[in-house]
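Visitor: Data: start-v8.txt, compact mmCIF, C-alpha atoms.
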# COMPACT_ATOMS: atom_id res chain seq x y z
CA MET V 1 169.14 173.59 145.54
CA PRO V 2 170.45 170.15 144.54
CA ARG V 3 167.90 167.93 142.88
CA THR V 4 169.98 164.76 142.83
CA ALA V 5 168.09 161.51 142.34
CA ARG V 6 164.72 163.22 142.09
CA LYS V 7 162.05 161.09 140.45
CA ALA V 8 159.62 162.61 137.98
CA ARG V 9 156.82 160.64 136.41
CA VAL V 10 156.58 160.94 132.66
CA LEU V 11 153.01 162.01 132.27
CA LEU V 12 152.06 163.21 128.85
CA LEU V 13 152.86 161.44 125.63
CA SER V 14 152.04 162.31 122.04
CA SER V 15 149.86 159.20 121.91
CA PRO V 16 148.23 157.02 124.59
CA PRO V 17 150.72 154.74 126.35
CA PRO V 18 150.21 150.98 125.86
CA PRO V 19 147.66 149.79 128.47
CA PRO V 20 149.93 147.25 130.18
CA SER V 21 152.82 149.66 130.59
CA PRO V 22 153.35 151.07 134.08
CA PRO V 23 154.12 154.77 134.59
CA VAL V 24 157.63 155.61 133.44
CA MET V 25 159.85 156.87 136.21
CA LEU V 26 162.70 159.23 135.50
CA ARG V 27 165.55 160.57 137.57
CA ARG V 28 166.81 164.12 137.55
CA GLY V 29 169.93 165.35 139.23
CA GLY V 30 170.53 168.43 141.31
CA VAL V 31 170.43 172.04 140.24
CA VAL V 32 173.68 173.90 140.29
CA LEU V 33 173.51 177.46 139.10
CA LEU V 34 170.19 177.86 137.44
CA LEU V 35 168.69 181.09 136.53
CA VAL V 36 165.39 179.89 135.31
CA VAL V 37 163.49 182.31 133.21
CA VAL V 38 159.90 181.85 134.08
CA VAL V 39 156.93 183.47 132.52
CA LEU V 40 154.73 184.08 135.50
CA GLY V 41 152.34 186.77 134.51
CA LEU V 42 151.22 188.81 137.47
CA LEU V 43 151.65 186.38 140.33
CA ALA V 44 149.27 187.36 143.08
CA ALA V 45 148.19 185.53 146.20
CA ARG V 46 145.74 186.39 148.92
CA CYS V 47 146.92 186.17 152.48
CA ASP V 48 144.21 186.63 155.09
CA GLY V 49 141.97 188.22 152.50
CA LYS V 50 144.58 190.55 151.02
CA LYS V 51 146.46 190.33 147.76
CA VAL V 52 150.17 189.62 147.77
CA SER V 53 151.91 190.30 144.45
CA SER V 54 155.07 188.22 144.18
CA PHE V 55 156.03 189.22 140.67
CA VAL V 56 155.62 192.14 138.37
CA GLY V 57 155.35 191.60 134.64
CA THR V 58 155.34 188.27 132.84
CA TYR V 59 158.61 186.42 133.39
CA GLY V 60 161.36 185.70 135.88
CA VAL V 61 164.35 183.45 136.43
CA ASN V 62 165.51 180.66 138.74
CA TYR V 63 169.04 181.35 139.96
CA GLY V 64 170.75 178.10 141.01
CA ARG V 65 174.36 178.08 142.17
CA ILE V 66 175.74 174.52 142.30
CA ALA V 67 179.10 175.20 140.67
CA ASP V 68 182.58 176.44 141.54
CA ASN V 69 183.15 178.67 138.52
CA LEU V 70 180.21 181.06 138.61
CA PRO V 71 180.36 184.85 138.57
CA PRO V 72 179.71 186.53 141.93
CA PRO V 73 176.12 187.54 142.75
CA THR V 74 176.97 191.20 142.23
CA GLU V 75 177.82 190.47 138.59
CA VAL V 76 174.66 188.41 138.22
CA VAL V 77 172.63 191.39 139.42
CA LYS V 78 174.29 193.56 136.77
CA LEU V 79 173.43 191.01 134.12
CA LEU V 80 169.82 190.80 135.25
CA ARG V 81 169.37 194.53 135.30
CA MET V 82 170.96 194.90 131.88
CA ALA V 83 168.59 192.22 130.60
CA ARG V 84 165.66 193.93 132.34
CA ILE V 85 164.67 190.82 134.23
CA LYS V 86 162.97 191.87 137.45
CA ASN V 87 161.85 188.59 139.02
CA VAL V 88 164.33 186.06 140.44
CA LYS V 89 164.01 182.89 142.49
CA ILE V 90 166.83 181.20 144.40
CA TYR V 91 166.89 177.77 146.06
CA ASP V 92 168.05 178.92 149.49
CA ALA V 93 168.54 182.15 151.41
CA ASP V 94 172.24 182.73 150.71
CA HIS V 95 173.34 185.98 152.35
CA THR V 96 175.79 186.93 149.59
CA VAL V 97 172.86 186.87 147.17
CA LEU V 98 170.60 188.77 149.56
CA ASP V 99 173.32 191.39 150.00
CA ALA V 100 173.92 191.66 146.26
CA PHE V 101 170.21 192.22 145.60
CA ARG V 102 169.95 194.96 148.22
CA GLY V 103 168.82 198.16 146.56
CA SER V 104 168.74 196.53 143.13
CA GLY V 105 165.00 196.90 142.66
CA LEU V 106 164.77 193.23 141.64
CA ASN V 107 162.05 191.03 143.12
CA LEU V 108 163.49 188.00 144.91
CA VAL V 109 161.94 184.71 146.05
CA ILE V 110 164.04 182.86 148.63
CA ALA V 111 163.70 179.31 149.92
CA VAL V 112 163.60 177.18 153.02
CA THR V 113 165.71 174.22 151.85
CA ASN V 114 164.59 170.61 152.20
CA GLY V 115 167.27 170.17 154.83
CA GLU V 116 165.67 172.87 156.99
CA VAL V 117 162.05 171.75 156.69
CA LYS V 118 161.97 169.23 159.57
CA ASP V 119 163.52 171.56 162.14
CA ILE V 120 161.18 174.41 161.22
CA ALA V 121 158.17 172.10 161.29
CA ALA V 122 159.09 170.95 164.79
CA SER V 123 159.38 174.42 166.30
CA PRO V 124 157.61 177.74 165.68
CA ALA V 125 160.65 179.36 167.28
CA LYS V 126 162.86 177.88 164.54
CA ALA V 127 160.60 179.45 161.94
CA MET V 128 160.93 182.84 163.60
CA ASP V 129 164.71 182.37 163.90
CA TRP V 130 164.86 181.60 160.17
CA LEU V 131 162.98 184.78 159.30
CA ASN V 132 165.04 186.85 161.72
CA GLU V 133 168.21 185.55 160.07
CA ASN V 134 167.23 185.56 156.43
CA VAL V 135 164.45 188.13 155.99
CA GLN V 136 164.45 190.78 158.70
CA PRO V 137 168.03 192.04 158.13
CA TYR V 138 167.38 192.50 154.41
CA TYR V 139 163.72 193.36 153.89
CA PRO V 140 162.57 195.71 152.41
CA SER V 141 165.82 197.03 150.86
CA THR V 142 166.20 193.56 149.38
CA ARG V 143 162.81 193.08 147.76
CA ILE V 144 161.92 189.64 149.13
CA VAL V 145 158.49 188.99 147.62
CA GLY V 146 158.15 185.26 148.22
CA ILE V 147 159.37 182.27 150.20
CA THR V 148 159.20 178.67 148.98
CA VAL V 149 159.21 175.93 151.61
CA GLY V 150 161.08 172.90 150.31
CA ASN V 151 161.36 171.83 146.69
CA GLU V 152 159.67 168.75 145.21
CA VAL V 153 159.27 167.21 148.65
CA LEU V 154 156.24 165.04 147.90
CA GLY V 155 156.81 161.92 145.85
CA GLY V 156 160.35 161.50 147.13
CA ALA V 157 161.78 158.76 149.31
CA ASP V 158 161.73 160.68 152.62
CA ALA V 159 158.32 160.13 154.23
CA GLY V 160 159.42 162.09 157.28
CA LEU V 161 160.15 165.11 155.12
CA ALA V 162 156.75 164.82 153.45
CA GLU V 163 155.04 164.67 156.84
CA ALA V 164 156.92 167.75 158.03
CA LEU V 165 156.13 169.94 155.01
CA ILE V 166 152.75 171.26 156.12
CA GLY V 167 154.08 172.01 159.60
CA ALA V 168 156.96 174.04 158.17
CA VAL V 169 154.61 175.95 155.87
CA VAL V 170 152.24 176.79 158.72
CA ASN V 171 155.04 177.82 161.09
CA ILE V 172 156.66 180.10 158.52
CA HIS V 173 153.28 181.62 157.71
CA ASP V 174 152.48 182.24 161.39
CA ALA V 175 155.89 183.82 161.93
CA LEU V 176 155.39 186.06 158.89
CA LYS V 177 152.02 187.07 160.32
CA MET V 178 153.60 187.97 163.67
CA LEU V 179 156.11 190.15 161.85
CA GLY V 180 153.40 191.84 159.80
CA LEU V 181 154.74 190.31 156.57
CA ALA V 182 152.11 187.68 155.74
CA THR V 183 150.36 190.07 153.35
CA LYS V 184 153.64 191.19 151.78
CA ILE V 185 155.54 187.95 151.17
CA GLU V 186 153.94 185.03 149.33
CA LEU V 187 154.43 181.51 150.73
CA THR V 188 154.41 178.45 148.42
CA THR V 189 156.00 175.04 147.77
CA PRO V 190 156.86 173.62 144.30
CA HIS V 191 155.95 170.06 143.26
CA SER V 192 157.34 167.64 140.71
CA GLU V 193 155.10 165.67 138.39
CA ALA V 194 155.63 162.70 140.71
CA VAL V 195 152.61 163.91 142.69
CA PHE V 196 150.29 162.79 139.85
CA ALA V 197 149.05 159.23 139.40
CA ASN V 198 148.41 159.62 135.67
CA SER V 199 147.82 162.37 133.17
CA TYR V 200 146.83 160.92 129.83
CA PRO V 201 144.66 162.39 128.62
CA PRO V 202 144.95 165.63 130.64
CA SER V 203 141.35 165.40 131.84
CA ALA V 204 142.16 162.05 133.51
CA CYS V 205 144.93 163.48 135.69
CA VAL V 206 144.58 162.89 139.42
CA PHE V 207 146.88 163.09 142.41
CA ARG V 208 148.42 159.91 143.80
CA ASP V 209 146.27 158.39 146.53
CA ASP V 210 149.27 157.71 148.74
CA LEU V 211 150.23 161.40 148.68
CA MET V 212 146.82 162.87 149.47
CA VAL V 213 147.48 162.54 153.20
CA TYR V 214 150.19 165.19 152.69
CA LEU V 215 148.63 167.10 149.79
CA LYS V 216 145.20 167.72 151.24
CA PRO V 217 146.32 169.80 154.24
CA LEU V 218 148.67 171.74 151.96
CA LEU V 219 145.99 172.41 149.38
CA ASP V 220 143.52 173.35 152.12
CA PHE V 221 146.00 175.83 153.53
CA PHE V 222 146.94 177.38 150.19
CA SER V 223 143.31 177.61 149.13
CA LYS V 224 142.79 179.84 152.18
CA THR V 225 145.83 182.02 151.52
CA GLY V 226 145.15 182.18 147.77
CA ALA V 227 148.58 180.84 146.81
CA PRO V 228 148.98 179.07 143.45
CA PHE V 229 149.82 175.41 142.92
CA TYR V 230 153.41 175.28 141.64
CA VAL V 231 154.54 172.41 139.40
CA ASN V 232 157.83 171.75 137.62
CA ALA V 233 156.92 170.78 134.05
CA TYR V 234 159.55 169.21 131.77
CA PRO V 235 158.40 167.93 128.35
CA PHE V 236 162.09 167.16 127.76
CA LEU V 237 162.05 164.48 130.45
CA ALA V 238 158.99 162.84 128.97
CA TYR V 239 160.49 162.81 125.49
CA MET V 240 163.85 161.53 126.76
CA SER V 241 162.12 158.62 128.48
CA ASP V 242 160.45 157.31 125.31
CA PRO V 243 161.66 159.03 122.12
CA ALA V 244 160.37 156.17 119.96
CA HIS V 245 156.74 156.91 120.85
CA ILE V 246 156.73 160.65 121.55
CA ASP V 247 156.81 163.12 118.68
CA VAL V 248 159.65 165.52 119.43
CA ASN V 249 157.75 168.23 117.58
CA TYR V 250 154.92 167.88 120.11
CA ALA V 251 157.43 168.50 122.88
CA LEU V 252 159.09 171.44 121.06
CA PHE V 253 155.97 173.42 120.08
CA LYS V 254 156.56 172.60 116.41
CA PRO V 255 153.84 171.58 113.92
CA ASN V 256 152.51 168.11 114.77
CA ALA V 257 149.34 166.04 114.90
CA GLY V 258 148.93 166.70 118.61
CA ILE V 259 146.66 164.74 120.98
CA TYR V 260 142.90 164.81 121.43
CA ASP V 261 141.17 164.63 124.80
CA ALA V 262 137.83 162.99 124.03
CA LYS V 263 136.27 163.89 127.38
CA THR V 264 136.80 167.63 126.98
CA ARG V 265 136.97 167.62 123.18
CA LEU V 266 140.13 169.66 123.42
CA ARG V 267 143.14 169.22 121.15
CA TYR V 268 146.69 169.86 122.39
CA ASP V 269 149.44 170.76 119.94
CA ASN V 270 152.18 170.87 122.60
CA MET V 271 153.05 168.85 125.69
CA PHE V 272 153.73 171.84 127.93
CA GLU V 273 150.14 173.07 127.88
CA ALA V 274 148.87 169.51 128.27
CA GLN V 275 150.97 169.17 131.44
CA VAL V 276 149.62 172.44 132.83
CA ASP V 277 146.01 171.49 132.12
CA ALA V 278 146.61 168.06 133.65
CA ALA V 279 147.49 169.83 136.91
CA TYR V 280 144.27 171.84 136.70
CA PHE V 281 142.24 168.66 136.27
CA ALA V 282 143.99 167.03 139.23
CA LEU V 283 143.16 170.02 141.40
CA GLU V 284 139.54 169.93 140.29
CA ALA V 285 139.26 166.22 141.05
CA ALA V 286 140.70 166.86 144.51
CA GLY V 287 138.17 169.62 145.20
CA TYR V 288 140.17 172.76 144.41
CA PRO V 289 138.76 174.04 141.11
CA GLU V 290 139.65 177.68 141.75
CA MET V 291 143.34 177.16 142.52
CA GLU V 292 145.70 178.60 139.92
CA VAL V 293 148.50 176.51 138.40
CA ARG V 294 151.92 178.10 137.95
CA VAL V 295 155.00 176.52 136.40
CA ALA V 296 157.96 176.73 138.76
CA GLU V 297 160.50 175.17 136.40
CA THR V 298 160.69 174.03 132.81
CA GLY V 299 163.34 173.81 130.14
CA TRP V 300 165.36 171.68 127.73
CA ALA V 301 168.96 170.50 128.11
CA SER V 302 171.45 171.64 125.47
CA ALA V 303 173.77 168.65 125.99
CA GLY V 304 173.60 165.22 127.56
CA ASP V 305 174.90 161.67 127.72
CA ALA V 306 174.50 159.24 124.84
CA THR V 307 171.41 157.78 126.50
CA GLU V 308 169.70 161.16 126.93
CA ALA V 309 167.79 161.56 123.70
CA GLY V 310 167.05 165.03 122.39
CA ALA V 311 169.57 166.91 124.53
CA ASP V 312 171.22 169.22 122.01
CA PRO V 313 171.53 172.98 121.36
CA ALA V 314 169.04 173.02 118.48
CA ASN V 315 166.26 171.45 120.53
CA ALA V 316 167.07 173.59 123.58
CA ARG V 317 166.85 176.72 121.46
CA ALA V 318 163.63 175.58 119.78
CA TYR V 319 161.91 174.74 123.07
CA ASN V 320 162.85 177.92 124.89
CA PHE V 321 162.21 180.18 121.94
CA ASN V 322 158.87 178.61 121.05
CA LEU V 323 157.74 178.50 124.67
CA ARG V 324 158.40 182.19 125.18
CA LYS V 325 156.73 182.96 121.87
CA ARG V 326 153.66 180.98 122.94
CA LEU V 327 153.57 182.69 126.32
CA PHE V 328 153.92 186.07 124.70
CA LEU V 329 150.62 185.46 122.90
CA ARG V 330 148.94 185.28 126.33
CA LYS V 331 146.46 182.75 124.98
CA GLY V 332 146.53 180.47 127.99
CA THR V 333 145.99 176.72 127.76
CA PRO V 334 143.18 174.93 125.93
CA TYR V 335 141.36 174.30 129.22
CA ARG V 336 142.29 177.41 131.19
CA PRO V 337 143.40 180.89 130.17
CA GLY V 338 146.44 182.34 131.88
CA ARG V 339 150.08 183.16 131.54
CA VAL V 340 152.34 180.36 132.51
CA ALA V 341 155.56 181.11 132.69
CA LYS V 342 164.91 178.47 133.86
CA ALA V 343 168.84 178.86 134.83
CA LEU V 344 171.38 181.64 134.63
CA PHE V 345 174.57 179.72 133.99
CA ASN V 346 175.49 176.12 133.30
CA GLU V 347 176.41 174.43 136.57
CA ASN V 348 179.62 172.45 136.34
CA LEU V 349 179.29 170.70 139.72
CA LYS V 350 175.67 169.68 139.36
CA PRO V 351 175.38 165.94 140.10
CA GLY V 352 173.54 163.44 137.95
CA PRO V 353 173.58 162.89 134.19
CA THR V 354 175.19 165.36 131.79
CA THR V 355 171.88 167.06 131.02
CA GLU V 356 171.73 168.39 134.60
CA ARG V 357 174.69 170.62 133.85
CA HIS V 358 173.31 171.99 130.58
CA TYR V 359 170.07 173.82 131.29
CA GLY V 360 171.65 177.26 131.27
CA LEU V 361 171.42 180.00 128.70
CA PHE V 362 174.84 181.25 129.69
CA LYS V 363 178.17 179.81 130.55
CA PRO V 364 179.98 180.74 133.78
CA ASP V 365 182.25 183.15 131.90
CA GLY V 366 179.21 185.15 130.84
CA SER V 367 179.15 183.95 127.24
CA VAL V 368 176.05 182.55 125.57
CA SER V 369 175.30 178.86 126.05
CA ILE V 370 172.27 178.66 123.72
CA ASP V 371 171.93 180.90 120.70
CA LEU V 372 168.60 182.68 121.10
CA GLY V 373 169.88 185.93 119.68
CA PHE V 374 171.11 187.26 123.02
CA LYS V 375 174.39 188.87 123.93
CA GLY V 376 176.46 187.65 126.86
CA LEU V 377 178.82 189.55 129.08
CA VAL V 378 181.67 188.30 126.90
CA PRO V 379 181.68 187.11 123.26
CA SER V 380 181.01 183.43 122.60
CA SER V 381 183.52 181.76 120.31
CA SER V 382 180.92 179.11 119.49
CA LEU V 383 178.55 181.62 117.94
CA PRO V 384 179.00 183.72 114.81
CA SER V 385 178.94 187.43 115.49
CA SER V 386 175.92 187.81 113.25
CA SER V 387 173.85 185.64 115.60
CA ILE V 388 174.25 187.99 118.56
CA ILE V 389 172.15 191.13 118.71
CA SER V 390 173.11 194.09 120.83
CA PHE V 391 171.07 195.13 123.84
CA LYS V 392 170.35 198.43 122.08
CA ARG V 393 168.93 196.58 119.07
CA ALA V 394 166.91 194.35 121.38
CA ARG V 395 165.35 197.41 122.96
CA GLU V 396 164.56 198.81 119.54
CA ARG V 397 162.84 195.57 118.59
CA GLY V 398 160.56 195.72 121.62
CA TRP V 399 159.45 193.52 124.52
CA MET V 400 159.83 190.13 122.89
CA ALA V 401 163.38 190.85 121.80
CA LEU V 402 164.20 191.93 125.34
CA VAL V 403 162.84 188.68 126.72
CA GLN V 404 164.94 186.73 124.26
CA TYR V 405 167.97 188.85 125.04
CA SER V 406 167.46 188.30 128.75
CA ALA V 407 167.03 184.59 128.34
CA THR V 408 170.31 184.20 126.55
CA LEU V 409 172.23 185.91 129.28
CA LEU V 410 170.99 183.39 131.75
CA SER V 411 171.13 179.65 132.10
CA CYS V 412 167.92 177.96 131.25
CA THR V 413 165.64 175.86 133.48
CA PHE V 414 162.06 177.21 134.00
CA ILE V 415 160.41 178.89 137.24
CA PHE V 416 159.44 180.08 136.22
CA LEU V 417 160.29 179.17 132.74
CA VAL V 418 163.37 177.09 132.44
CA LEU V 419 165.61 178.85 130.00
CA SER V 420 168.87 177.13 130.66
What would you get if you wrote out this structure as C-alpha cells?
Guide:
Amino acid sequence: MPRTARKARVLLLSSPPPPPSPPVMLRRGGVVLLLVVVVLGLLAARCDGKKVSSFVGTYGVNYGRIADNLPPPTEVVKLLRMARIKNVKIYDADHTVLDAFRGSGLNLVIAVTNGEVKDIAASPAKAMDWLNENVQPYYPSTRIVGITVGNEVLGGADAGLAEALIGAVVNIHDALKMLGLATKIELTTPHSEAVFANSYPPSACVFRDDLMVYLKPLLDFFSKTGAPFYVNAYPFLAYMSDPAHIDVNYALFKPNAGIYDAKTRLRYDNMFEAQVDAAYFALEAAGYPEMEVRVAETGWASAGDATEAGADPANARAYNFNLRKRLFLRKGTPYRPGRVAKALFNENLKPGPTTERHYGLFKPDGSVSIDLGFKGLVPSSSLPSSSIISFKRARERGWMALVQYSATLLSCTFIFLVLS
C-alpha cells in the first residue's frame, strides 16, 4: 500500500531534545514491494472470549508490491517456502497473491486499503461484500489469518478517513462474526508514531489529545477483542531527522551510552526498544495497561538521497542483523517482556525520496540487496561469493541462520520487522 507523504513524528532521541524545539515531523513515501520480515512471536488475539492465533513462530514479512519489475507472486511463494518464512502480510487483498498462496501452507494477513475504509464504514453490506470477494473464495485453502483495516490512518490529513476507521473495523468484525470467522481471523489496524504527542523519555509518552476522539473507540473495541496495538517503529527516521544529536549507534543496536528514564529508572541501549516501551506507556496513560504492543513495520534504508543521512548498506545490514539478534534473545524490552518483531524486494516505482525504494533485502531479479549472509534466487554481482551461504548450510547452522537467510531473500521493512 502506498505510503506517500505520510508524516511520522520523530519520537526518541539519544539525548533529550532542546526544550524550545517543537516535535520534528518527517515524511515517508509509499511502499512498493515490501516483504517486511517481522518478528512477531506468537501473535494471539481474543475474539468474543476465544483466542485467535494470527502467526505461528517468531517472525514474518510484509509483502509490498509497488513496482513494475517484481517477480510474480508464485515465485515469491517459492522464495518464502525455501526461506521457511511462514507469516506474510500484504497491503491489500490482491487476488493474484491470494491465488498464489492457495495451498502453500503460509499464513497470510490481508488488508482493507485506506481507499476502501469510508465505503465499508458507511455500509455493513459493503463489509460483507468485501469479505465475500476477498476472503470467502479463498479461505481456508489460502490461510488468511488476519485482516488489517487501513494503514496509518490516524495522524494524517484526512479527518474524514480518521472518523470512518472505527466504523469500518466494526463492520468488518460484525461481518466476520456472521460468517463464523471472527474467532479465526484477527482484525487490527496499524498506526504510525504520529499518534503520539511526545515520547522522551519513554515513560512520558502519551497519545495526541486531538486524536483521542478516534483512538478511544478503537482502543475500547480492541481491548474487548484482545487484539494488539500495532505501531510502525523506525529508528532510521528519527536518526535521519537529526543526525547531529542522535547517536547512530543507539539507533543501530551498537555499543553506546544509551538513555536513562529517571521516572522508571530504566536504561535503554537502543532506540527500537525505547519506541516500543513508549507505546506501552501511552496505552497505560490512556487506560489500557493490558494491551500488547506489536511492531507492524520497522527497518533501515540501504540507499537514499544526499539529504537522507545514514541510508547506506552497512547501516541497513547492521540494523536488521542486530535487531533480529536482539529479538532472538527473547529478552523483551526494559519495561515489558515480549517478542517484538520488513520488504521482499526493492520497489522501483515507490514514490517519495530515494530511501523509500531501498528497504528491501532483495532486488526484483531475486538477487540479494543487503548482505546478511543470505542467498538469493540468482547470484548478486555486488557481493563476493564468500559472503553468501547456501540454504543447506543455513539449515545446518540452525534457526538464527535460517532467519538471516530468509531475511536476505526478501526486501526489508518491518511488520513485522522491516528487513528491506
Visitor: Pick from V:Pro337, V:Pro140, V:Pro124, V:Gly332: nearest to Leu106 of chain V, with all atoms listed in the file counted?
Guide: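 Under the stated criterion, the closest residue is V:Pro140.
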Visitor: Work out how far atom CA of Pro235 of chain V is from atom CA of Gly310 of chain V, in Å to one decimal.
Guide: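 A separation of 10.9 Å between them.
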Visitor: So, counting all atoms listed in the file, which residue among V:Tyr63, V:Ala282, V:Arg265, V:Ile185 is closest to Leu215 of chain V?
Guide: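 Nearest to Leu215 of chain V: V:Ala282.
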Visitor: Take every atom of segment 189-200 of chain V listed in the file, fit an axis-aligned box around them, add 5 Å per side, and give the centre and edge lengths in Å to one decimal as JSON.
Guide:
{"center_x": 152.1, "center_y": 167.1, "center_z": 138.8, "size_x": 20.5, "size_y": 25.8, "size_z": 27.9}
Visitor: Restricting the calculation to all atoms listed in the file, which member of V:Val295, V:Asp99, V:Ser141, V:Ala301 is positioned closest to Asn62 of chain V?
Guide: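 Looking at the shortest contact to Asn62 of chain V, the residue is V:Val295.
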Visitor: As an exercise, work out the distance from atom CA of Ala285 of chain V to atom CA of Val206 of chain V in Å and give it to one decimal place.
Guide: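 Going from atom CA of Ala285 of chain V over to atom CA of Val206 of chain V, I get 6.5 Å.
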Visitor: Can you work out the spacing between atom CA of Tyr230 of chain V and atom CA of Arg294 of chain V in Å, to one decimal?
Guide: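 Taking atom CA of Tyr230 of chain V and atom CA of Arg294 of chain V, their separation equals 4.9 Å.
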Visitor: Determine, counting all atoms listed in the file, which protein, DNA and RNA residues have an atom within 8 Å of an atom of Met128 of chain V; residues of the same chain fewer than 2 positions away are not included. Present the result as a list in words.
Guide: Pro124, Ala125, Lys126, Trp130, Leu131, Asn132, Ile172, Ala175 and Leu176 of chain V
Visitor: Using only C-alpha atoms, which of V:Pro201, V:Gly299, V:Pro190, V:Gly150 sits nearest Asn315 of chain V?
Guide: V:Gly299
